[in-house]
$ cat query.pdb   # PDB, C-alpha atoms
ATOM      1  CA  MET N   1       0.000   0.000   0.000
ATOM      2  CA  ASP N   2       3.081   2.260  -0.045
ATOM      3  CA  CYS N   3       2.044   3.151  -3.611
ATOM      4  CA  LEU N   4      -0.530   5.547  -2.161
ATOM      5  CA  PRO N   5       0.519   8.896  -0.659
ATOM      6  CA  GLN N   6      -0.671   9.881   2.825
ATOM      7  CA  ASN N   7      -2.986  12.872   2.574
ATOM      8  CA  GLN N   8      -6.617  13.813   3.235
ATOM      9  CA  ALA N   9      -7.805  12.779  -0.239
ATOM     10  CA  VAL N  10      -6.235   9.312   0.111
ATOM     11  CA  ARG N  11      -7.649   8.854   3.613
ATOM     12  CA  ARG N  12     -11.135   9.751   2.377
ATOM     13  CA  PHE N  13     -10.721   7.404  -0.603
ATOM     14  CA  ARG N  14      -9.641   4.567   1.718
ATOM     15  CA  ARG N  15     -12.610   5.123   4.043
ATOM     16  CA  ARG N  16     -15.057   5.099   1.114
ATOM     17  CA  SER N  17     -13.412   2.006  -0.416
ATOM     18  CA  TYR N  18     -13.521  -0.001   2.822
ATOM     19  CA  ALA N  19     -17.136   1.049   3.434
ATOM     20  CA  SER N  20     -18.174   0.072  -0.092
ATOM     21  CA  ALA N  21     -16.362  -3.292   0.206
ATOM     22  CA  ALA N  22     -18.191  -4.017   3.459
ATOM     23  CA  LEU N  23     -21.514  -3.019   1.874
ATOM     24  CA  VAL N  24     -20.898  -5.295  -1.149
ATOM     25  CA  ILE N  25     -20.495  -8.294   1.200
ATOM     26  CA  LEU N  26     -23.548  -7.315   3.249
ATOM     27  CA  PHE N  27     -25.777  -6.643   0.218
ATOM     28  CA  ALA N  28     -24.617  -9.823  -1.563
ATOM     29  CA  PHE N  29     -25.586 -11.820   1.537
ATOM     30  CA  ILE N  30     -28.986 -10.044   1.740
ATOM     31  CA  ALA N  31     -29.649 -10.595  -1.989
ATOM     32  CA  ALA N  32     -28.681 -14.281  -1.904
ATOM     33  CA  ALA N  33     -30.745 -14.916   1.233
ATOM     34  CA  SER N  34     -33.760 -13.009  -0.156
ATOM     35  CA  PHE N  35     -33.779 -14.986  -3.407
ATOM     36  CA  ARG N  36     -33.375 -18.290  -1.603
ATOM     37  CA  LEU N  37     -35.936 -17.703   1.152
ATOM     38  CA  LEU N  38     -38.491 -15.299  -0.338
ATOM     39  CA  HIS N  39     -38.522 -16.460  -4.012
ATOM     40  CA  LEU N  40     -38.627 -12.878  -5.278
ATOM     41  CA  HIS N  41     -40.007 -11.855  -8.664
ATOM     42  CA  GLY N  42     -40.954  -8.692 -10.561
ATOM     43  CA  ILE N  43     -39.562  -5.245  -9.780
ATOM     44  CA  LEU N  44     -38.512  -6.255  -6.259
ATOM     45  CA  ALA N  45     -36.373  -9.109  -7.681
ATOM     46  CA  TRP N  46     -34.597  -6.665 -10.013
ATOM     47  CA  PHE N  47     -33.980  -4.213  -7.170
ATOM     48  CA  VAL N  48     -32.593  -6.880  -4.825
ATOM     49  CA  ALA N  49     -30.459  -8.369  -7.644
ATOM     50  CA  VAL N  50     -28.692  -5.065  -8.337
ATOM     51  CA  LEU N  51     -28.298  -4.293  -4.627
ATOM     52  CA  PRO N  52     -24.726  -5.752  -4.392
ATOM     53  CA  ALA N  53     -23.717  -3.692  -7.456
ATOM     54  CA  LEU N  54     -24.708  -0.353  -5.849
ATOM     55  CA  PRO N  55     -21.662  -0.130  -3.492
ATOM     56  CA  ILE N  56     -19.465  -0.940  -6.511
ATOM     57  CA  LEU N  57     -20.915   2.102  -8.267
ATOM     58  CA  TRP N  58     -20.142   4.077  -5.091
ATOM     59  CA  ALA N  59     -16.543   2.776  -5.140
ATOM     60  CA  LEU N  60     -16.154   3.963  -8.746
ATOM     61  CA  VAL N  61     -17.568   7.380  -7.782
ATOM     62  CA  ALA N  62     -15.038   7.409  -4.897
ATOM     63  CA  VAL N  63     -12.219   6.939  -7.418
ATOM     64  CA  GLY N  64     -13.543   9.926  -9.397
ATOM     65  CA  GLN N  65     -13.837  11.963  -6.179
ATOM     66  CA  TYR N  66     -10.269  11.067  -5.239
ATOM     67  CA  LEU N  67      -8.966  12.195  -8.637
ATOM     68  CA  ALA N  68     -10.896  15.468  -8.258
ATOM     69  CA  GLU N  69      -9.713  16.031  -4.652
ATOM     70  CA  GLU N  70      -6.043  15.065  -5.130
ATOM     71  CA  LYS N  71      -4.032  18.297  -5.158
ATOM     72  CA  ASP N  72      -0.728  16.717  -6.192
ATOM     73  CA  GLU N  73      -0.683  16.729 -10.017
ATOM     74  CA  PHE N  74       1.965  14.006 -10.159
ATOM     75  CA  GLN N  75       0.016  11.673  -7.890
ATOM     76  CA  ARG N  76      -3.117  12.266  -9.958
ATOM     77  CA  ALA N  77      -1.226  11.465 -13.188
ATOM     78  CA  LEU N  78       0.123   8.284 -11.569
ATOM     79  CA  HIS N  79      -3.355   7.168 -10.547
ATOM     80  CA  VAL N  80      -4.735   7.845 -14.014
ATOM     81  CA  GLN N  81      -1.959   5.630 -15.411
ATOM     82  CA  TYR N  82      -2.802   2.869 -12.902
ATOM     83  CA  LEU N  83      -6.444   2.997 -13.983
ATOM     84  CA  LEU N  84      -5.590   3.006 -17.690
ATOM     85  CA  CYS N  85      -3.279   0.012 -17.204
ATOM     86  CA  GLY N  86      -6.100  -1.654 -15.268
ATOM     87  CA  ILE N  87      -8.632  -1.212 -18.064
ATOM     88  CA  GLY N  88      -6.044  -2.194 -20.692
ATOM     89  CA  GLY N  89      -5.330  -5.473 -18.909
ATOM     90  CA  THR N  90      -9.027  -6.101 -18.243
ATOM     91  CA  LEU N  91     -10.008  -5.542 -21.884
ATOM     92  CA  ALA N  92      -7.160  -7.781 -23.059
ATOM     93  CA  VAL N  93      -8.242 -10.613 -20.736
ATOM     94  CA  THR N  94     -11.998 -10.282 -21.401
ATOM     95  CA  THR N  95     -11.472 -10.080 -25.168
ATOM     96  CA  MET N  96      -9.183 -13.097 -25.249
ATOM     97  CA  TRP N  97     -11.332 -15.121 -22.841
ATOM     98  CA  GLY N  98     -14.528 -14.148 -24.691
ATOM     99  CA  TYR N  99     -13.165 -15.460 -27.977
ATOM    100  CA  LEU N 100     -11.817 -18.602 -26.308
ATOM    101  CA  GLU N 101     -15.285 -19.238 -24.829
ATOM    102  CA  ASP N 102     -16.860 -19.042 -28.264
ATOM    103  CA  PHE N 103     -14.271 -20.785 -30.388
ATOM    104  CA  ALA N 104     -12.420 -23.097 -28.033
ATOM    105  CA  HIS N 105     -15.189 -23.810 -25.478
ATOM    106  CA  ALA N 106     -13.172 -22.341 -22.600
ATOM    107  CA  PRO N 107     -14.973 -22.374 -19.208
ATOM    108  CA  ARG N 108     -17.496 -19.566 -18.744
ATOM    109  CA  LEU N 109     -16.213 -16.472 -16.916
ATOM    110  CA  ASP N 110     -19.047 -14.648 -15.136
ATOM    111  CA  LEU N 111     -19.455 -10.910 -15.802
ATOM    112  CA  ILE N 112     -19.242 -10.098 -12.089
ATOM    113  CA  TYR N 113     -15.538 -11.073 -12.203
ATOM    114  CA  VAL N 114     -14.704  -8.221 -14.623
ATOM    115  CA  TYR N 115     -14.631  -5.688 -11.745
ATOM    116  CA  PRO N 116     -12.189  -7.672  -9.527
ATOM    117  CA  ILE N 117     -10.031  -8.386 -12.615
ATOM    118  CA  PHE N 118      -9.839  -4.618 -13.240
ATOM    119  CA  TRP N 119      -8.591  -3.952  -9.685
ATOM    120  CA  LEU N 120      -6.150  -6.851  -9.904
ATOM    121  CA  PHE N 121      -4.555  -5.222 -12.962
ATOM    122  CA  VAL N 122      -4.567  -1.817 -11.203
ATOM    123  CA  ALA N 123      -2.719  -3.407  -8.265
ATOM    124  CA  ILE N 124      -0.184  -5.018 -10.641
ATOM    125  CA  ALA N 125       0.296  -1.700 -12.481
ATOM    126  CA  MET N 126       0.941   0.332  -9.292
ATOM    127  CA  PRO N 127       4.535  -0.766  -8.508
ATOM    128  CA  VAL N 128       5.419  -1.063 -12.222
ATOM    129  CA  VAL N 129       4.309   2.492 -13.079
ATOM    130  CA  LYS N 130       5.832   3.897  -9.893
ATOM    131  CA  ARG N 131       9.194   2.252 -10.627
ATOM    132  CA  ARG N 132       9.330   4.106 -13.964
ATOM    133  CA  TYR N 133       9.465   7.441 -12.121
ATOM    134  CA  ARG N 134      11.958   6.437  -9.450
TER     135      ARG N 134
ATOM    136  CA  MET V   1      -1.377   9.178 -34.894
ATOM    137  CA  GLU V   2      -5.081   9.811 -34.342
ATOM    138  CA  ASP V   3      -5.658   9.379 -38.102
ATOM    139  CA  ARG V   4      -3.883   6.020 -38.056
ATOM    140  CA  LEU V   5      -6.055   4.972 -35.116
ATOM    141  CA  LEU V   6      -9.229   6.003 -36.884
ATOM    142  CA  PHE V   7      -8.503   4.739 -40.380
ATOM    143  CA  ILE V   8      -6.561   1.548 -39.623
ATOM    144  CA  GLY V   9      -7.417   0.564 -36.058
ATOM    145  CA  MET V  10     -11.155   1.176 -36.067
ATOM    146  CA  PRO V  11     -12.039  -0.739 -39.286
ATOM    147  CA  LEU V  12      -9.840  -3.616 -38.089
ATOM    148  CA  LEU V  13     -11.609  -3.632 -34.746
ATOM    149  CA  VAL V  14     -15.076  -3.484 -36.332
ATOM    150  CA  ALA V  15     -14.137  -6.288 -38.783
ATOM    151  CA  ASN V  16     -12.780  -8.260 -35.839
ATOM    152  CA  ILE V  17     -16.019  -7.894 -33.857
ATOM    153  CA  ALA V  18     -18.185  -8.658 -36.929
ATOM    154  CA  LEU V  19     -16.138 -11.803 -37.630
ATOM    155  CA  ALA V  20     -16.422 -12.871 -34.006
ATOM    156  CA  ILE V  21     -20.213 -12.356 -33.948
ATOM    157  CA  TRP V  22     -20.590 -14.202 -37.272
ATOM    158  CA  GLY V  23     -18.496 -17.112 -36.082
ATOM    159  CA  SER V  24     -19.581 -17.149 -32.461
ATOM    160  CA  GLY V  25     -21.485 -19.967 -30.836
ATOM    161  CA  ASP V  26     -20.179 -22.375 -33.500
ATOM    162  CA  ARG V  27     -22.978 -21.225 -35.796
ATOM    163  CA  HIS V  28     -20.653 -20.781 -38.756
ATOM    164  CA  LEU V  29     -17.235 -21.891 -37.582
ATOM    165  CA  HIS V  30     -16.567 -25.356 -36.222
ATOM    166  CA  PRO V  31     -12.919 -25.355 -35.231
ATOM    167  CA  ALA V  32     -11.425 -28.189 -33.195
ATOM    168  CA  GLY V  33      -8.164 -28.748 -31.308
ATOM    169  CA  VAL V  34      -5.405 -26.218 -31.942
ATOM    170  CA  MET V  35      -7.486 -24.633 -34.724
ATOM    171  CA  ALA V  36     -10.066 -23.662 -32.081
ATOM    172  CA  TYR V  37      -7.495 -21.695 -30.099
ATOM    173  CA  LEU V  38      -5.765 -20.135 -33.111
ATOM    174  CA  PRO V  39      -8.649 -17.900 -34.350
ATOM    175  CA  ALA V  40      -9.488 -16.986 -30.737
ATOM    176  CA  ILE V  41      -5.936 -15.842 -30.051
ATOM    177  CA  LEU V  42      -5.642 -14.113 -33.452
ATOM    178  CA  LEU V  43      -8.907 -12.216 -33.003
ATOM    179  CA  ALA V  44      -8.042 -11.285 -29.431
ATOM    180  CA  PHE V  45      -4.592 -10.169 -30.598
ATOM    181  CA  LEU V  46      -6.211  -7.467 -32.749
ATOM    182  CA  GLY V  47      -8.031  -6.118 -29.706
ATOM    183  CA  VAL V  48      -4.856  -6.182 -27.591
ATOM    184  CA  ALA V  49      -2.916  -4.483 -30.439
ATOM    185  CA  PHE V  50      -5.541  -1.749 -30.517
ATOM    186  CA  ILE V  51      -5.130  -1.155 -26.757
ATOM    187  CA  LEU V  52      -1.321  -0.940 -27.174
ATOM    188  CA  ILE V  53      -1.571   1.448 -30.165
ATOM    189  CA  PHE V  54      -3.889   3.634 -28.113
ATOM    190  CA  GLY V  55      -1.409   3.608 -25.216
ATOM    191  CA  PHE V  56       1.389   4.723 -27.581
ATOM    192  CA  TYR V  57      -0.871   7.428 -28.978
ATOM    193  CA  LEU V  58      -1.522   8.824 -25.494
ATOM    194  CA  SER V  59       2.199   8.919 -24.685
ATOM    195  CA  GLU V  60       3.066  10.500 -28.070
ATOM    196  CA  GLU V  61       0.320  13.136 -28.131
ATOM    197  CA  GLN V  62       1.979  16.559 -27.800
ATOM    198  CA  ASP V  63      -1.267  18.514 -27.423
ATOM    199  CA  GLU V  64      -1.972  18.583 -23.662
ATOM    200  CA  PHE V  65      -5.617  19.517 -24.214
ATOM    201  CA  GLN V  66      -6.290  16.620 -26.604
ATOM    202  CA  ARG V  67      -4.613  14.220 -24.191
ATOM    203  CA  ALA V  68      -6.618  15.567 -21.259
ATOM    204  CA  ILE V  69      -9.856  15.126 -23.229
ATOM    205  CA  TRP V  70      -8.945  11.537 -24.124
ATOM    206  CA  VAL V  71      -7.931  10.699 -20.547
ATOM    207  CA  GLN V  72     -11.208  12.126 -19.180
ATOM    208  CA  ALA V  73     -13.186  10.203 -21.805
ATOM    209  CA  LEU V  74     -11.304   7.004 -20.924
ATOM    210  CA  LEU V  75     -12.020   7.509 -17.209
ATOM    211  CA  TRP V  76     -15.726   7.917 -17.976
ATOM    212  CA  GLY V  77     -15.465   4.824 -20.169
ATOM    213  CA  ILE V  78     -13.885   2.812 -17.336
ATOM    214  CA  GLY V  79     -16.490   3.904 -14.770
ATOM    215  CA  ALA V  80     -19.543   3.441 -16.979
ATOM    216  CA  THR V  81     -18.375   0.119 -18.474
ATOM    217  CA  LEU V  82     -17.605  -1.409 -15.072
ATOM    218  CA  THR V  83     -20.951  -0.140 -13.747
ATOM    219  CA  VAL V  84     -22.955  -1.588 -16.660
ATOM    220  CA  ILE V  85     -21.062  -4.906 -16.581
ATOM    221  CA  THR V  86     -21.392  -5.280 -12.793
ATOM    222  CA  PHE V  87     -25.116  -4.441 -12.812
ATOM    223  CA  TRP V  88     -25.707  -6.795 -15.751
ATOM    224  CA  GLY V  89     -23.599  -9.486 -14.066
ATOM    225  CA  SER V  90     -25.661  -9.194 -10.863
ATOM    226  CA  LEU V  91     -28.891  -9.582 -12.849
ATOM    227  CA  VAL V  92     -27.451 -12.605 -14.682
ATOM    228  CA  GLU V  93     -26.455 -14.215 -11.365
ATOM    229  CA  PHE V  94     -30.116 -14.205 -10.305
ATOM    230  CA  GLU V  95     -31.268 -15.306 -13.796
ATOM    231  CA  LEU V  96     -33.261 -12.126 -14.457
ATOM    232  CA  VAL V  97     -31.611 -11.274 -17.809
ATOM    233  CA  LYS V  98     -29.788 -13.137 -20.570
ATOM    234  CA  ASP V  99     -26.027 -13.469 -20.271
ATOM    235  CA  LEU V 100     -23.844 -10.942 -22.103
ATOM    236  CA  LYS V 101     -20.887 -12.293 -24.049
ATOM    237  CA  LEU V 102     -17.534 -11.373 -22.532
ATOM    238  CA  MET V 103     -16.211 -10.256 -25.928
ATOM    239  CA  PHE V 104     -18.698  -7.345 -25.883
ATOM    240  CA  VAL V 105     -16.962  -5.662 -22.918
ATOM    241  CA  PHE V 106     -14.394  -4.096 -25.258
ATOM    242  CA  PRO V 107     -16.877  -2.664 -27.818
ATOM    243  CA  LEU V 108     -19.034  -1.396 -24.935
ATOM    244  CA  PHE V 109     -16.035   0.388 -23.430
ATOM    245  CA  MET V 110     -15.136   1.904 -26.826
ATOM    246  CA  LEU V 111     -18.723   3.057 -27.400
ATOM    247  CA  ILE V 112     -18.994   4.749 -23.986
ATOM    248  CA  THR V 113     -15.535   6.336 -24.348
ATOM    249  CA  CYS V 114     -16.413   7.744 -27.793
ATOM    250  CA  ILE V 115     -19.710   9.174 -26.501
ATOM    251  CA  ALA V 116     -17.872  10.690 -23.501
ATOM    252  CA  ARG V 117     -15.243  12.229 -25.794
ATOM    253  CA  LEU V 118     -17.951  13.741 -27.985
ATOM    254  CA  VAL V 119     -19.721  15.236 -24.941
ATOM    255  CA  LEU V 120     -16.432  16.577 -23.498
ATOM    256  CA  ARG V 121     -15.470  18.181 -26.827
ATOM    257  CA  LEU V 122     -18.860  19.869 -26.997
ATOM    258  CA  ARG V 123     -18.401  21.089 -23.408
ATOM    259  CA  TYR V 124     -15.041  22.709 -24.180
ATOM    260  CA  ARG V 125     -16.114  24.244 -27.485
TER     261      ARG V 125
END
$ encode --input "query.pdb" --output "structure tokens"
Amino acid sequence: MDCLPQNQAVRRFRRRSYASAALVILFAFIAAASFRLLHLHGILAWFVAVLPALPILWALVAVGQYLAEEKDEFQRALHVQYLLCGIGGTLAVTTMWGYLEDFAHAPRLDLIYVYPIFWLFVAIAMPVVKRRYR
Amino acid sequence: MEDRLLFIGMPLLVANIALAIWGSGDRHLHPAGVMAYLPAILLAFLGVAFILIFGFYLSEEQDEFQRAIWVQALLWGIGATLTVITFWGSLVEFELVKDLKLMFVFPLFMLITCIARLVLRLRYR
């Protein structure tokens, strides 16, 4: 975690990220339990199904807020590069896996894994990008 | 560089996606063994090459304003694509909608990024 600077913007970003992660777990549990026990259908089923995705939207907004709040131009540029590397890696993996699913009958990769894959690539990019500027 | 992206990269990408849709689900193509992996890797390679070319373009672009517009558009693309995919994925998990093919993540990202760039350019006009 030494890739992140220690300032107010980072602290706020961390708080929001941890809160959204906790909410994802809670809402996923609520959604799974509701579908299993209450046999939901209609509008309520749609609402409960997207419930675990709402904190993820909040986490993405938190990233945008961090980029807007970060006063250090260099740190902001670094974070933009992390995110661009993240999406580059994610698109490469999803494109390749998508074609392998269709042509080579590779095992199905659920869409909900695209978001964790993105953050995995961001985490990989962090030390690599930072080393370039050392 | 932008011209090369538009006139070489984009048609290649569109042809790539069209070929993938045409051949997907074994409706038209029935590859087996190594031949099943070869077109998948070749088609995916075009997508990866496009990402790399775009990365080079961003590092080569001398115009700070153009780069800033592209970066903002890409950030909107990242946020909106991940939001749509996660929401859709959640609905798929509970069998409320049909599954979306993984290969459509890239075109979706490109579409959102292009719309965002158009909106941003209009904003700064």
$ resolve_selection --input "query.pdb" --expression "the PyMOL selection byres ((chain N and resi 7) around 12)" --output "PyMOL selection string"
chain N and resi 4-6+8-14+66+69-72+75
$ closest_residue --input "query.pdb" --among "N:Phe29, N:Leu111, N:Val128, N:Ser34" --to "chain V" --atoms "all atoms listed in the file"
N:Leu111
$ resolve_selection --input "query.pdb" --expression "the PyMOL selection byres ((chain N) within 9 of (chain V))" --output "ChimeraX atom specification"
/N:32,35,41,45-46,49-54,56-57,60-61,64,80,83-85,87-89,91-105,109-115,118
$ write_last_selection --input "query.pdb" --atoms "C-alpha atoms" --output "PDB file, in the coordinates of the input"
ATOM      1  CA  ALA N  32     -28.681 -14.281  -1.904  1.00  0.00           C
ATOM      2  CA  PHE N  35     -33.779 -14.986  -3.407  1.00  0.00           C
ATOM      3  CA  HIS N  41     -40.007 -11.855  -8.664  1.00  0.00           C
ATOM      4  CA  ALA N  45     -36.373  -9.109  -7.681  1.00  0.00           C
ATOM      5  CA  TRP N  46     -34.597  -6.665 -10.013  1.00  0.00           C
ATOM      6  CA  ALA N  49     -30.459  -8.369  -7.644  1.00  0.00           C
ATOM      7  CA  VAL N  50     -28.692  -5.065  -8.337  1.00  0.00           C
ATOM      8  CA  LEU N  51     -28.298  -4.293  -4.627  1.00  0.00           C
ATOM      9  CA  PRO N  52     -24.726  -5.752  -4.392  1.00  0.00           C
ATOM     10  CA  ALA N  53     -23.717  -3.692  -7.456  1.00  0.00           C
ATOM     11  CA  LEU N  54     -24.708  -0.353  -5.849  1.00  0.00           C
ATOM     12  CA  ILE N  56     -19.465  -0.940  -6.511  1.00  0.00           C
ATOM     13  CA  LEU N  57     -20.915   2.102  -8.267  1.00  0.00           C
ATOM     14  CA  LEU N  60     -16.154   3.963  -8.746  1.00  0.00           C
ATOM     15  CA  VAL N  61     -17.568   7.380  -7.782  1.00  0.00           C
ATOM     16  CA  GLY N  64     -13.543   9.926  -9.397  1.00  0.00           C
ATOM     17  CA  VAL N  80      -4.735   7.845 -14.014  1.00  0.00           C
ATOM     18  CA  LEU N  83      -6.444   2.997 -13.983  1.00  0.00           C
ATOM     19  CA  LEU N  84      -5.590   3.006 -17.690  1.00  0.00           C
ATOM     20  CA  CYS N  85      -3.279   0.012 -17.204  1.00  0.00           C
ATOM     21  CA  ILE N  87      -8.632  -1.212 -18.064  1.00  0.00           C
ATOM     22  CA  GLY N  88      -6.044  -2.194 -20.692  1.00  0.00           C
ATOM     23  CA  GLY N  89      -5.330  -5.473 -18.909  1.00  0.00           C
ATOM     24  CA  LEU N  91     -10.008  -5.542 -21.884  1.00  0.00           C
ATOM     25  CA  ALA N  92      -7.160  -7.781 -23.059  1.00  0.00           C
ATOM     26  CA  VAL N  93      -8.242 -10.613 -20.736  1.00  0.00           C
ATOM     27  CA  THR N  94     -11.998 -10.282 -21.401  1.00  0.00           C
ATOM     28  CA  THR N  95     -11.472 -10.080 -25.168  1.00  0.00           C
ATOM     29  CA  MET N  96      -9.183 -13.097 -25.249  1.00  0.00           C
ATOM     30  CA  TRP N  97     -11.332 -15.121 -22.841  1.00  0.00           C
ATOM     31  CA  GLY N  98     -14.528 -14.148 -24.691  1.00  0.00           C
ATOM     32  CA  TYR N  99     -13.165 -15.460 -27.977  1.00  0.00           C
ATOM     33  CA  LEU N 100     -11.817 -18.602 -26.308  1.00  0.00           C
ATOM     34  CA  GLU N 101     -15.285 -19.238 -24.829  1.00  0.00           C
ATOM     35  CA  ASP N 102     -16.860 -19.042 -28.264  1.00  0.00           C
ATOM     36  CA  PHE N 103     -14.271 -20.785 -30.388  1.00  0.00           C
ATOM     37  CA  ALA N 104     -12.420 -23.097 -28.033  1.00  0.00           C
ATOM     38  CA  HIS N 105     -15.189 -23.810 -25.478  1.00  0.00           C
ATOM     39  CA  LEU N 109     -16.213 -16.472 -16.916  1.00  0.00           C
ATOM     40  CA  ASP N 110     -19.047 -14.648 -15.136  1.00  0.00           C
ATOM     41  CA  LEU N 111     -19.455 -10.910 -15.802  1.00  0.00           C
ATOM     42  CA  ILE N 112     -19.242 -10.098 -12.089  1.00  0.00           C
ATOM     43  CA  TYR N 113     -15.538 -11.073 -12.203  1.00  0.00           C
ATOM     44  CA  VAL N 114     -14.704  -8.221 -14.623  1.00  0.00           C
ATOM     45  CA  TYR N 115     -14.631  -5.688 -11.745  1.00  0.00           C
ATOM     46  CA  PHE N 118      -9.839  -4.618 -13.240  1.00  0.00           C
TER      47      PHE N 118
END
$ atom_distance --input "query.pdb" --atom1 "atom CA of N:Phe74" --atom2 "atom CA of N:Arg134"
12.6 Å
$ atom_distance --input "query.pdb" --atom1 "atom CA of N:Tyr82" --atom2 "atom CA of N:Ala123"
7.8 Å
$ closest_residue --input "query.pdb" --among "N:Thr90, N:Phe27, N:Val48, N:Arg76" --to "N:Pro116" --atoms "all atoms listed in the file"
N:Thr90
$ resolve_selection --input "query.pdb" --expression "the PyMOL selection byres ((chain V and resi 120) around 12)" --output "VMD selection string"
chain V and resid 65 to 66 68 to 76 113 to 119 121 to 125
$ residues_around --input "query.pdb" --residues "N:Arg16" --least-positions-apart "6" --cutoff "9 Å" --atoms "all atoms listed in the file" --output "list in words"
Trp58, Ala59 and Ala62 of chain N
$ write_last_selection --input "query.pdb" --atoms "C-alpha atoms" --output "PDB file, in the frame of the given file"
ATOM      1  CA  TRP N  58     -20.142   4.077  -5.091  1.00  0.00           C
ATOM      2  CA  ALA N  59     -16.543   2.776  -5.140  1.00  0.00           C
ATOM      3  CA  ALA N  62     -15.038   7.409  -4.897  1.00  0.00           C
TER       4      ALA N  62
END
$ atom_distance --input "query.pdb" --atom1 "atom CA of N:Ala22" --atom2 "atom CA of N:Arg36"
21.4 Å
